[in-house]
>>> print(open('protein-v4.cif').read())   # mmCIF, C-alpha atoms
data_my_file
loop_
_atom_site.label_atom_id
_atom_site.label_comp_id
_atom_site.auth_asym_id
_atom_site.auth_seq_id
_atom_site.Cartn_x
_atom_site.Cartn_y
_atom_site.Cartn_z
CA MET A 5 -15.79 3.63 19.47
CA GLN A 6 -15.45 3.23 15.72
CA HIS A 7 -13.15 5.46 13.71
CA ARG A 8 -15.38 7.45 11.38
CA ILE A 9 -14.17 7.71 7.79
CA VAL A 10 -16.24 9.83 5.41
CA VAL A 11 -15.50 9.71 1.68
CA LEU A 12 -16.90 12.57 -0.41
CA GLY A 13 -17.65 11.66 -4.02
CA ALA A 14 -18.07 8.26 -5.66
CA GLY A 15 -16.33 8.71 -8.95
CA TYR A 16 -13.40 6.44 -9.78
CA THR A 17 -11.24 7.75 -6.94
CA GLY A 18 -13.81 8.02 -4.16
CA ALA A 19 -15.42 4.65 -4.85
CA ILE A 20 -12.06 2.91 -5.11
CA ALA A 21 -10.79 4.55 -1.91
CA ALA A 22 -13.91 3.52 0.04
CA GLY A 23 -13.74 -0.07 -1.23
CA ARG A 24 -10.02 -0.38 -0.55
CA LEU A 25 -10.46 0.92 2.99
CA ALA A 26 -13.25 -1.62 3.55
CA LYS A 27 -10.95 -4.49 2.64
CA ARG A 28 -7.97 -3.17 4.60
CA LEU A 29 -9.67 -2.38 7.91
CA HIS A 30 -11.68 -4.54 10.30
CA ARG A 31 -15.37 -3.76 10.06
CA GLU A 32 -15.84 -3.56 13.83
CA ASP A 33 -13.22 -0.82 14.11
CA VAL A 34 -14.32 1.64 11.43
CA ALA A 35 -17.49 3.22 10.08
CA ILE A 36 -17.04 4.10 6.40
CA THR A 37 -19.59 6.44 4.81
CA LEU A 38 -19.53 7.19 1.08
CA VAL A 39 -21.41 10.34 0.06
CA ASN A 40 -22.59 10.80 -3.51
CA ALA A 41 -25.45 12.66 -5.16
CA GLU A 42 -26.26 9.95 -7.69
CA PRO A 43 -27.22 6.33 -6.93
CA ASP A 44 -25.03 4.71 -9.56
CA PHE A 45 -21.47 4.91 -10.82
CA VAL A 46 -20.74 7.17 -13.80
CA GLU A 47 -18.00 5.96 -16.18
CA ARG A 48 -16.69 9.42 -16.90
CA VAL A 49 -14.16 8.17 -19.43
CA ARG A 50 -17.08 7.04 -21.62
CA MET A 51 -19.09 10.26 -21.73
CA HIS A 52 -18.23 10.81 -25.41
CA GLN A 53 -19.81 7.42 -26.11
CA LEU A 54 -22.94 8.31 -24.14
CA ALA A 55 -23.20 11.60 -26.05
CA THR A 56 -23.25 9.81 -29.41
CA GLY A 57 -26.13 7.51 -28.51
CA GLN A 58 -24.41 4.52 -26.96
CA ASP A 59 -25.88 3.05 -23.79
CA LEU A 60 -23.63 2.28 -20.83
CA THR A 61 -23.87 -0.57 -18.34
CA PRO A 62 -25.77 0.48 -15.18
CA ARG A 63 -23.69 0.11 -12.02
CA PRO A 64 -25.83 0.81 -8.91
CA PHE A 65 -23.85 1.58 -5.77
CA SER A 66 -26.39 -0.37 -3.71
CA GLU A 67 -25.23 -3.53 -5.47
CA MET A 68 -21.54 -2.63 -5.67
CA PHE A 69 -21.15 -1.98 -1.96
CA ALA A 70 -23.62 -4.57 -0.67
CA GLY A 71 -22.01 -6.57 2.14
CA THR A 72 -18.83 -4.48 2.24
CA GLY A 73 -19.63 -2.49 5.36
CA VAL A 74 -19.59 0.78 3.43
CA THR A 75 -22.66 2.95 4.12
CA LEU A 76 -23.88 4.87 1.07
CA ARG A 77 -25.37 8.32 1.70
CA LEU A 78 -27.20 9.73 -1.33
CA ALA A 79 -26.81 13.48 -0.99
CA ARG A 80 -24.97 16.52 -2.30
CA VAL A 81 -22.06 17.88 -0.33
CA THR A 82 -22.95 21.48 0.48
CA GLY A 83 -20.34 22.35 3.07
CA VAL A 84 -17.14 21.14 4.72
CA ASP A 85 -15.81 22.36 8.08
CA VAL A 86 -12.31 20.94 8.31
CA ASP A 87 -11.66 22.60 11.65
CA GLY A 88 -14.84 21.27 13.21
CA ARG A 89 -14.47 17.96 11.30
CA THR A 90 -18.00 17.95 9.91
CA VAL A 91 -19.58 17.76 6.47
CA THR A 92 -22.95 19.21 5.55
CA VAL A 93 -24.95 17.17 3.03
CA THR A 94 -28.33 17.85 1.43
CA ASP A 95 -30.55 15.07 0.13
CA ALA A 96 -32.89 15.11 -2.87
CA GLN A 97 -35.75 16.41 -0.72
CA GLY A 98 -33.66 19.36 0.50
CA ALA A 99 -33.10 18.02 4.01
CA GLU A 100 -29.70 18.87 5.50
CA GLU A 101 -27.62 16.59 7.69
CA LEU A 102 -24.31 17.05 9.49
CA LEU A 103 -21.83 14.18 9.23
CA ALA A 104 -18.95 14.08 11.71
CA TYR A 105 -15.68 12.41 10.75
CA ASP A 106 -12.33 11.41 12.20
CA THR A 107 -10.78 10.98 8.75
CA LEU A 108 -12.05 12.65 5.59
CA VAL A 109 -11.32 11.55 2.02
CA TYR A 110 -12.12 14.41 -0.34
CA ALA A 111 -12.84 13.09 -3.85
CA LEU A 112 -15.34 15.57 -5.29
CA GLY A 113 -13.50 15.71 -8.58
CA SER A 114 -14.04 18.35 -11.24
CA GLY A 115 -16.49 19.64 -13.81
CA TRP A 116 -16.18 21.46 -17.09
CA ASN A 117 -14.28 24.72 -17.28
CA ALA A 118 -15.75 27.46 -19.44
CA GLN A 119 -12.47 29.38 -19.07
CA GLY A 120 -14.43 32.64 -18.83
CA VAL A 121 -15.03 32.67 -22.60
CA PRO A 122 -18.16 34.72 -23.43
CA GLY A 123 -21.15 32.66 -24.54
CA THR A 124 -19.72 29.31 -23.49
CA ALA A 125 -22.05 28.73 -20.56
CA GLU A 126 -25.07 29.76 -22.62
CA HIS A 127 -24.37 28.03 -25.93
CA ALA A 128 -21.75 25.30 -25.56
CA HIS A 129 -22.21 21.68 -24.53
CA GLU A 130 -19.95 19.74 -22.17
CA ILE A 131 -19.22 16.06 -21.58
CA ALA A 132 -17.52 16.29 -18.18
CA GLY A 133 -20.54 14.58 -16.58
CA ARG A 134 -23.54 12.44 -17.39
CA GLN A 135 -26.16 15.20 -17.51
CA GLY A 136 -24.06 17.22 -19.94
CA ALA A 137 -23.44 14.18 -22.11
CA LEU A 138 -27.16 13.37 -22.19
CA ARG A 139 -28.03 16.94 -23.20
CA LEU A 140 -25.46 16.77 -26.01
CA ARG A 141 -26.85 13.36 -27.02
CA GLU A 142 -30.32 14.85 -27.45
CA ARG A 143 -28.97 17.84 -29.39
CA LEU A 144 -26.88 15.72 -31.75
CA ALA A 145 -29.82 13.42 -32.42
CA GLY A 146 -31.82 16.44 -33.60
CA LEU A 147 -29.22 17.65 -36.11
CA GLU A 148 -29.88 17.28 -39.81
CA ALA A 149 -27.29 16.02 -42.26
CA GLY A 150 -24.60 18.52 -43.16
CA GLN A 151 -24.91 20.65 -40.05
CA PRO A 152 -21.61 21.76 -38.45
CA VAL A 153 -20.32 20.59 -35.08
CA VAL A 154 -17.25 22.23 -33.55
CA VAL A 155 -15.29 20.57 -30.74
CA VAL A 156 -13.17 23.13 -28.90
CA GLY A 157 -10.07 21.74 -27.20
CA GLY A 158 -7.28 19.57 -28.54
CA GLY A 159 -6.58 17.48 -25.44
CA LEU A 160 -7.53 13.86 -24.88
CA THR A 161 -11.20 14.65 -24.27
CA GLY A 162 -11.45 16.78 -27.41
CA LEU A 163 -9.78 14.14 -29.60
CA GLU A 164 -12.08 11.42 -28.31
CA ALA A 165 -15.21 13.56 -28.65
CA ALA A 166 -14.46 14.70 -32.20
CA THR A 167 -13.65 11.23 -33.52
CA GLU A 168 -16.60 9.59 -31.74
CA ILE A 169 -19.06 12.15 -33.14
CA ALA A 170 -17.59 11.94 -36.65
CA GLU A 171 -17.73 8.15 -36.64
CA ALA A 172 -21.25 7.95 -35.22
CA ARG A 173 -22.59 10.73 -37.48
CA PRO A 174 -20.60 10.75 -40.74
CA ASP A 175 -23.35 12.95 -42.22
CA LEU A 176 -22.31 15.89 -39.99
CA ASP A 177 -19.56 18.41 -40.67
CA VAL A 178 -17.27 17.91 -37.67
CA ALA A 179 -14.39 20.26 -36.86
CA LEU A 180 -11.85 20.52 -34.04
CA ALA A 181 -10.38 23.81 -32.82
CA ALA A 182 -7.07 23.30 -30.99
CA ARG A 183 -5.05 26.05 -29.34
CA ASP A 184 -1.82 24.23 -30.28
CA GLY A 185 -0.91 21.80 -33.03
CA LEU A 186 -2.95 18.61 -33.41
CA GLY A 187 -1.55 16.11 -30.92
CA ASP A 188 1.68 18.06 -30.67
CA TRP A 189 2.57 16.34 -27.37
CA LEU A 190 2.56 12.91 -29.04
CA SER A 191 5.43 11.08 -30.67
CA PRO A 192 5.89 11.43 -34.46
CA LYS A 193 4.23 8.03 -34.93
CA GLY A 194 1.34 9.05 -32.72
CA ARG A 195 0.83 12.34 -34.57
CA ARG A 196 0.88 10.62 -37.96
CA HIS A 197 -1.74 8.12 -36.88
CA LEU A 198 -3.92 10.83 -35.36
CA ARG A 199 -3.89 12.84 -38.60
CA LYS A 200 -4.61 9.71 -40.61
CA VAL A 201 -7.71 8.95 -38.53
CA PHE A 202 -8.91 12.58 -38.62
CA ASP A 203 -8.49 12.65 -42.40
CA ARG A 204 -10.36 9.37 -42.84
CA LEU A 205 -13.24 10.60 -40.68
CA GLY A 206 -13.37 13.92 -42.54
CA ILE A 207 -12.71 16.06 -39.46
CA THR A 208 -11.59 19.62 -40.22
CA VAL A 209 -8.79 20.73 -37.91
CA HIS A 210 -8.21 24.36 -36.95
CA GLU A 211 -4.76 24.30 -35.38
CA HIS A 212 -3.20 27.09 -33.29
CA THR A 213 -6.68 28.49 -32.91
CA ALA A 214 -7.99 30.11 -29.75
CA VAL A 215 -11.78 30.40 -29.49
CA THR A 216 -12.69 33.71 -27.85
CA ALA A 217 -16.50 33.66 -28.05
CA VAL A 218 -19.33 31.20 -28.57
CA GLU A 219 -22.63 32.05 -30.22
CA ALA A 220 -25.67 29.90 -30.97
CA ASP A 221 -24.54 29.24 -34.56
CA HIS A 222 -20.80 29.85 -34.61
CA VAL A 223 -17.60 30.35 -32.62
CA THR A 224 -15.24 33.28 -33.01
CA THR A 225 -11.46 32.90 -32.94
CA ALA A 226 -8.79 35.28 -31.68
CA GLU A 227 -8.08 36.20 -35.32
CA GLY A 228 -11.73 37.18 -35.83
CA GLU A 229 -12.66 34.14 -37.91
CA ARG A 230 -16.22 32.85 -37.53
CA ILE A 231 -16.45 29.05 -37.62
CA PRO A 232 -20.02 27.81 -38.19
CA ALA A 233 -21.33 25.61 -35.37
CA ALA A 234 -24.86 24.33 -34.96
CA VAL A 235 -23.41 22.60 -31.88
CA THR A 236 -20.29 23.58 -29.95
CA VAL A 237 -18.69 21.00 -27.64
CA TRP A 238 -16.37 22.60 -25.06
CA THR A 239 -13.50 20.38 -23.83
CA THR A 240 -10.77 22.84 -22.82
CA GLY A 241 -10.03 21.43 -19.39
CA PHE A 242 -11.64 20.94 -16.01
CA ALA A 243 -12.40 23.08 -12.96
CA VAL A 244 -12.43 21.54 -9.50
CA HIS A 245 -15.42 21.58 -7.16
CA PRO A 246 -15.44 24.97 -5.36
CA ILE A 247 -16.06 23.70 -1.82
CA ALA A 248 -12.40 23.12 -0.93
CA ARG A 249 -11.55 26.75 -1.67
CA ALA A 250 -14.17 27.83 0.88
CA THR A 251 -12.45 25.89 3.68
CA THR A 252 -9.23 26.55 5.59
CA LEU A 253 -7.46 23.79 3.68
CA GLU A 254 -4.30 24.79 1.86
CA VAL A 255 -5.27 24.92 -1.81
CA THR A 256 -3.73 26.12 -5.05
CA ASP A 257 -4.96 29.20 -6.90
CA THR A 258 -7.26 26.89 -8.87
CA GLY A 259 -8.74 25.36 -5.72
CA ARG A 260 -6.93 22.00 -5.69
CA ILE A 261 -6.00 20.65 -2.26
CA VAL A 262 -2.24 20.46 -1.69
CA VAL A 263 -1.26 16.99 -0.46
CA ASP A 264 1.90 15.08 0.43
CA ARG A 265 3.11 11.78 -1.05
CA THR A 266 0.44 9.85 0.87
CA MET A 267 -2.38 12.13 -0.39
CA ARG A 268 -2.70 13.73 3.03
CA SER A 269 -3.49 17.44 3.24
CA VAL A 270 -0.38 19.44 4.15
CA SER A 271 -2.49 21.72 6.36
CA HIS A 272 -5.02 19.31 7.92
CA PRO A 273 -3.63 15.84 8.68
CA ASP A 274 -7.06 14.22 9.11
CA VAL A 275 -8.00 15.11 5.52
CA TYR A 276 -6.90 13.21 2.42
CA ALA A 277 -7.62 14.33 -1.14
CA VAL A 278 -7.54 12.23 -4.29
CA GLY A 279 -8.23 12.60 -7.99
CA ASP A 280 -8.77 15.92 -9.74
CA ALA A 281 -9.45 17.65 -6.41
CA ALA A 282 -5.84 17.20 -5.25
CA LEU A 283 -2.51 18.60 -6.32
CA ALA A 284 -0.12 15.69 -5.95
CA LEU A 285 3.42 15.35 -7.24
CA GLY A 286 4.55 12.45 -9.38
CA ALA A 287 7.86 11.54 -10.96
CA GLY A 288 10.36 14.38 -11.06
CA ASP A 289 8.15 16.34 -8.65
CA LYS A 290 5.86 17.14 -11.59
CA PRO A 291 2.19 17.71 -10.70
CA LEU A 292 -0.07 14.86 -11.78
CA ARG A 293 -2.53 15.80 -14.49
CA MET A 294 -6.26 15.53 -14.00
CA SER A 295 -7.13 12.07 -15.29
CA CYS A 296 -8.32 8.61 -14.34
CA ALA A 297 -4.73 7.44 -14.86
CA SER A 298 -3.68 9.74 -12.00
CA GLY A 299 -6.73 9.37 -9.77
CA VAL A 300 -6.85 5.59 -9.38
CA PRO A 301 -3.29 5.20 -7.99
CA MET A 302 -3.88 8.28 -5.83
CA ALA A 303 -6.92 6.52 -4.32
CA TRP A 304 -4.87 3.37 -3.67
CA GLN A 305 -2.15 5.45 -2.02
CA ALA A 306 -4.57 7.36 0.21
CA ALA A 307 -6.47 4.27 1.34
CA ASP A 308 -3.28 2.37 2.11
CA ALA A 309 -1.84 5.35 4.02
CA ILE A 310 -4.99 5.76 6.12
CA ALA A 311 -5.03 2.04 6.90
CA ALA A 312 -1.33 2.06 7.76
CA ARG A 313 -1.62 5.00 10.13
CA LEU A 314 -4.63 3.52 11.89
CA THR A 315 -3.15 0.04 12.25
CA GLY A 316 0.48 0.88 12.92
CA ALA A 317 1.64 -0.67 9.64
CA LYS A 318 4.35 0.66 7.35
CA LEU A 319 3.36 3.66 5.27
CA PRO A 320 3.12 3.07 1.51
CA ASN A 321 5.93 4.51 -0.54
CA VAL A 322 4.88 3.64 -4.08
CA PRO A 323 6.00 6.23 -6.64
CA LEU A 324 3.13 7.65 -8.70
CA ARG A 325 4.10 7.47 -12.35
CA TYR A 326 2.69 7.15 -15.85
CA PHE A 327 3.14 4.40 -18.41
CA ASN A 328 0.97 5.43 -21.35
CA GLN A 329 -1.81 7.67 -22.57
CA CYS A 330 -4.82 5.74 -23.90
CA ILE A 331 -6.90 7.53 -26.54
CA SER A 332 -9.99 6.12 -28.24
CA LEU A 333 -10.54 7.41 -31.77
CA GLY A 334 -14.00 6.02 -32.34
CA ARG A 335 -14.96 2.40 -31.74
CA GLY A 336 -12.54 0.82 -34.19
CA GLU A 337 -9.43 2.95 -33.82
CA GLY A 338 -7.20 3.91 -30.95
CA LEU A 339 -3.83 5.31 -29.97
CA ILE A 340 -1.72 4.16 -27.05
CA GLN A 341 1.12 6.63 -26.59
CA TYR A 342 3.84 5.26 -24.32
CA VAL A 343 5.35 7.87 -22.02
CA THR A 344 8.08 8.42 -19.47
CA ALA A 345 7.34 8.28 -15.76
CA ASP A 346 6.61 12.02 -15.78
CA ASP A 347 4.24 11.75 -18.78
CA ARG A 348 6.46 12.78 -21.72
CA ALA A 349 5.94 10.91 -24.98
CA VAL A 350 8.54 8.42 -26.15
CA GLY A 351 8.88 7.08 -29.68
CA ALA A 352 6.83 3.94 -29.15
CA ALA A 353 3.08 3.98 -29.80
CA LEU A 354 0.41 1.36 -30.44
CA THR A 355 -2.13 2.26 -33.11
CA GLY A 356 -5.16 0.97 -34.96
CA ARG A 357 -7.61 -1.73 -33.95
CA LEU A 358 -5.27 -3.29 -31.41
CA ALA A 359 -4.95 0.06 -29.64
CA ALA A 360 -8.77 0.37 -29.56
CA VAL A 361 -9.00 -3.06 -27.91
CA TYR A 362 -6.28 -2.06 -25.42
CA LYS A 363 -8.14 1.14 -24.51
CA GLU A 364 -11.40 -0.77 -24.10
CA LEU A 365 -9.73 -3.25 -21.74
CA VAL A 366 -8.33 -0.36 -19.68
CA CYS A 367 -11.80 1.20 -19.38
CA LYS A 368 -13.41 -2.11 -18.48
CA GLY A 369 -10.67 -2.83 -15.95
CA ALA A 370 -11.17 0.51 -14.23
CA ALA A 371 -14.94 -0.01 -14.04
CA TRP A 372 -14.50 -3.57 -12.79
CA GLY A 373 -12.24 -2.33 -10.00
CA VAL A 374 -14.92 0.12 -8.89
CA ALA A 375 -17.75 -2.40 -9.22
CA HIS A 376 -15.94 -5.04 -7.14
CA PRO A 377 -14.53 -2.93 -4.31
CA THR A 378 -13.48 -5.72 -1.95
CA ILE A 379 -12.26 -8.31 -4.44
CA GLY A 380 -8.56 -8.75 -5.09
CA MET A 381 -5.45 -7.81 -3.15
CA PRO A 382 -4.97 -6.74 -0.47
CA VAL A 383 -7.52 -8.84 1.41
CA ARG A 384 -6.27 -8.88 5.00
CA ARG A 385 -8.36 -6.69 7.29
CA ARG A 386 -6.24 -5.27 10.07
CA ARG A 387 -7.39 -4.11 13.48
CA VAL A 388 -7.20 -0.44 14.32
CA THR A 389 -4.56 0.12 16.97
CA GLN A 390 -4.81 3.90 17.18
CA ALA A 391 -7.96 4.88 19.05
CA PRO A 392 -9.83 7.78 17.44
CA ALA A 393 -8.67 10.91 19.22
CA ALA A 394 -11.31 12.94 20.97
CA THR A 395 -10.18 16.00 19.03
CA GLY A 396 -9.82 14.10 15.76
CA ALA A 397 -6.29 15.41 15.27
CA LEU A 398 -3.78 12.86 14.03
CA VAL A 399 -0.10 13.28 14.74
CA ARG A 400 1.58 14.95 11.75
CA GLU A 401 4.15 12.70 10.10
CA SER A 402 6.62 13.43 7.38
CA ALA A 403 6.10 11.30 4.29
#
>>> encode(input="protein-v4.cif", output="structure tokens")
Amino acid sequence: MQHRIVVLGAGYTGAIAAGRLAKRLHREDVAITLVNAEPDFVERVRMHQLATGQDLTPRPFSEMFAGTGVTLRLARVTGVDVDGRTVTVTDAQGAEELLAYDTLVYALGSGWNAQGVPGTAEHAHEIAGRQGALRLRERLAGLEAGQPVVVVGGGLTGLEAATEIAEARPDLDVALAARDGLGDWLSPKGRRHLRKVFDRLGITVHEHTAVTAVEADHVTTAEGERIPAAVTVWTTGFAVHPIARATTLEVTDTGRIVVDRTMRSVSHPDVYAVGDAALALGAGDKPLRMSCASGVPMAWQAADAIAARLTGAKLPNVPLRYFNQCISLGRGEGLIQYVTADDRAVGAALTGRLAAVYKELVCKGAAWGVAHPTIGMPVRRRRVTQAPAATGALVRESA
């Protein structure tokens, strides 16, 4: 009897986890099913590019996973029963199916977070996913010269969105509203370069500004100021998929699944969670931030831990840490902020065209890793030595 592994979500983390499992485990011993609603891979880190009219390389899952032994199931996840070890999925025609699993990898990721601000859901645009980016793309294309665009949120997504829009449409009046100072987490060199690029692109910055309401033609700040906005782009963080909160999994107050160092649920040992959906600890026991930089190594860790437990191999013990933050500032500028293991900025930073090339290589490398799931190390497929338990319960181990 094959050990049934079901992976939910085929973003960076889910697709990488499924591919890594396929090249670690013998095909006769496992049945790996990857569930995703869309038939091709979405490069989420490029949604600001898609929104400004750039076309992205199509990456169909049918081609990516051909010959790997991974079965692709095109459907939405509509329910998870972690006690009964089943997942309910619904296909495009509305037909429901129940998938049973022995091991579950939860990688449903996150979407945009309106933060409960009035008018955001009705009037703001988001770039947390492809459909949102395409809607923004259409709206931006219809704007006339001189019309105002306000990007709300001063994090990495907000910086990339504002600069990309300003570079692609220099005829628009682009502004950024940041709750804190512009790039205040960066090193002095990083902050100087960021301001230089914003000044060159003509982006107005509203620092220490909290947006408290969004209307069709403006946003309102906590101080009562009305900032004109023909288009508002909301980038103030992400909210995880709500399904985990509806299960008996141990989750945080924001719905993230609490996992151990091997990405295994602390409450249900046959469930692993990776990417934005999981709360994992990195260097200094600091929670990893929601990002591709966190999710990819989490997927490696989970896949290797599952393979190790099934084959009797040594559990992985690779510390999850950061090295840099990569920020694109349009197509010709970038900022690589080097950081400590727990993600605090150090003095060193790479800027300018070289940083843009570096960021582009990082994005291409991440996409290549997803698109070639069984190429590269490790390549040895091990035999499963632990027979799938009739109850599906794995022995809890400390890790």
>>> atom_distance(input="protein-v4.cif", atom1="atom CA of Val270 of chain A", atom2="atom CA of Met302 of chain A")
15.4 Å
>>> closest_residue(input="protein-v4.cif", among="A:Asp175, A:Asp221, A:Val388, A:Gly162", to="Gly187 of chain A", atoms="all atoms listed in the file")
A:Gly162
>>> resolve_selection(input="protein-v4.cif", expression="the PyMOL selection byres ((chain A and resi 253-265) around 9)", output="JSON, numbers by chain")
{"A": [86, 110, 243, 244, 245, 246, 247, 248, 249, 250, 251, 252, 266, 267, 268, 269, 270, 271, 272, 275, 276, 277, 278, 280, 281, 282, 283, 284, 285, 286, 305, 306, 321, 322, 323, 324, 402, 403]}
>>> residues_around(input="protein-v4.cif", residues="Pro64 of chain A", least_positions_apart="4", cutoff="7 Å", atoms="all atoms listed in the file", output="JSON, numbers by chain")
{"A": [43, 44, 45, 68]}
>>> residues_around(input="protein-v4.cif", residues="segment 25-37 of chain A", least_positions_apart="6", cutoff="7 Å", atoms="only C-alpha atoms", output="JSON, numbers by chain")
{"A": [6, 7, 8, 9, 10, 11, 72, 73, 74, 75, 76, 77, 307, 311, 378, 382, 383, 384, 385, 386, 387, 388]}
>>> closest_residue(input="protein-v4.cif", among="A:Asp346, A:Pro301, A:Leu60, A:Gly338", to="Arg48 of chain A", atoms="only C-alpha atoms")
A:Leu60
>>> resolve_selection(input="protein-v4.cif", expression="the PyMOL selection byres ((chain A and resi 154) around 7)", output="ChimeraX atom specification")
/A:152-153,155-156,178-180,233,235-237
>>> axis_aligned_box(input="protein-v4.cif", around="segment 327-331 of chain A", padding_each_side="3 Å", output="JSON")
{"center_x": -1.9, "center_y": 6.0, "center_z": -22.5, "size_x": 16.0, "size_y": 9.3, "size_z": 14.1}
>>> closest_residue(input="protein-v4.cif", among="A:Glu142, A:Leu176, A:Arg80, A:Asp274", to="Tyr105 of chain A", atoms="all atoms listed in the file")
A:Asp274
>>> residues_near_point(input="protein-v4.cif", point="(-31.0, 15.3, 0.0)", cutoff="10 Å", atoms="only C-alpha atoms", output="NGL selection string")
:A and (41 or 77-81 or 93-101)
>>> residues_around(input="protein-v4.cif", residues="Val201 of chain A", least_positions_apart="3", cutoff="8 Å", atoms="only C-alpha atoms", output="list in words")
His197, Leu198, Arg204, Leu205, Leu333 and Glu337 of chain A
>>> write_last_selection(input="protein-v4.cif", atoms="C-alpha atoms", output="PDB file, keeping the file's coordinate frame")
ATOM      1  CA  HIS A 197      -1.740   8.120 -36.880  1.00  0.00           C
ATOM      2  CA  LEU A 198      -3.920  10.830 -35.360  1.00  0.00           C
ATOM      3  CA  ARG A 204     -10.360   9.370 -42.840  1.00  0.00           C
ATOM      4  CA  LEU A 205     -13.240  10.600 -40.680  1.00  0.00           C
ATOM      5  CA  LEU A 333     -10.540   7.410 -31.770  1.00  0.00           C
ATOM      6  CA  GLU A 337      -9.430   2.950 -33.820  1.00  0.00           C
TER       7      GLU A 337
END
>>> atom_distance(input="protein-v4.cif", atom1="atom CA of Val300 of chain A", atom2="atom CA of His129 of chain A")
26.9 Å
>>> closest_residue(input="protein-v4.cif", among="A:Phe69, A:Tyr16, A:Trp304, A:Phe242", to="His376 of chain A", atoms="all atoms listed in the file")
A:Phe69
>>> closest_residue(input="protein-v4.cif", among="A:Gly194, A:Pro320, A:Gly334, A:Gly133", to="Ala352 of chain A", atoms="all atoms listed in the file")
A:Gly194
>>> atom_distance(input="protein-v4.cif", atom1="atom CA of Leu140 of chain A", atom2="atom CA of Ala55 of chain A")
5.6 Å
>>> closest_residue(input="protein-v4.cif", among="A:Ala375, A:Leu12, A:Ala128, A:Leu358", to="Thr92 of chain A", atoms="all atoms listed in the file")
A:Leu12
>>> residues_around(input="protein-v4.cif", residues="Arg313 of chain A", least_positions_apart="4", cutoff="9 Å", atoms="all atoms listed in the file", output="ChimeraX atom specification")
/A:308-309,317-319,388-390
>>> resolve_selection(input="protein-v4.cif", expression="the PyMOL selection byres ((chain A and resi 49) around 10)", output="list of chain:residue names")
A:Tyr16, A:Val46, A:Glu47, A:Arg48, A:Arg50, A:Met51, A:His52, A:Gln53, A:Leu54, A:Ile131, A:Ala132, A:Gly133, A:Thr161, A:Glu164, A:Ser295, A:Cys296, A:Ser332, A:Cys367, A:Ala370, A:Ala371
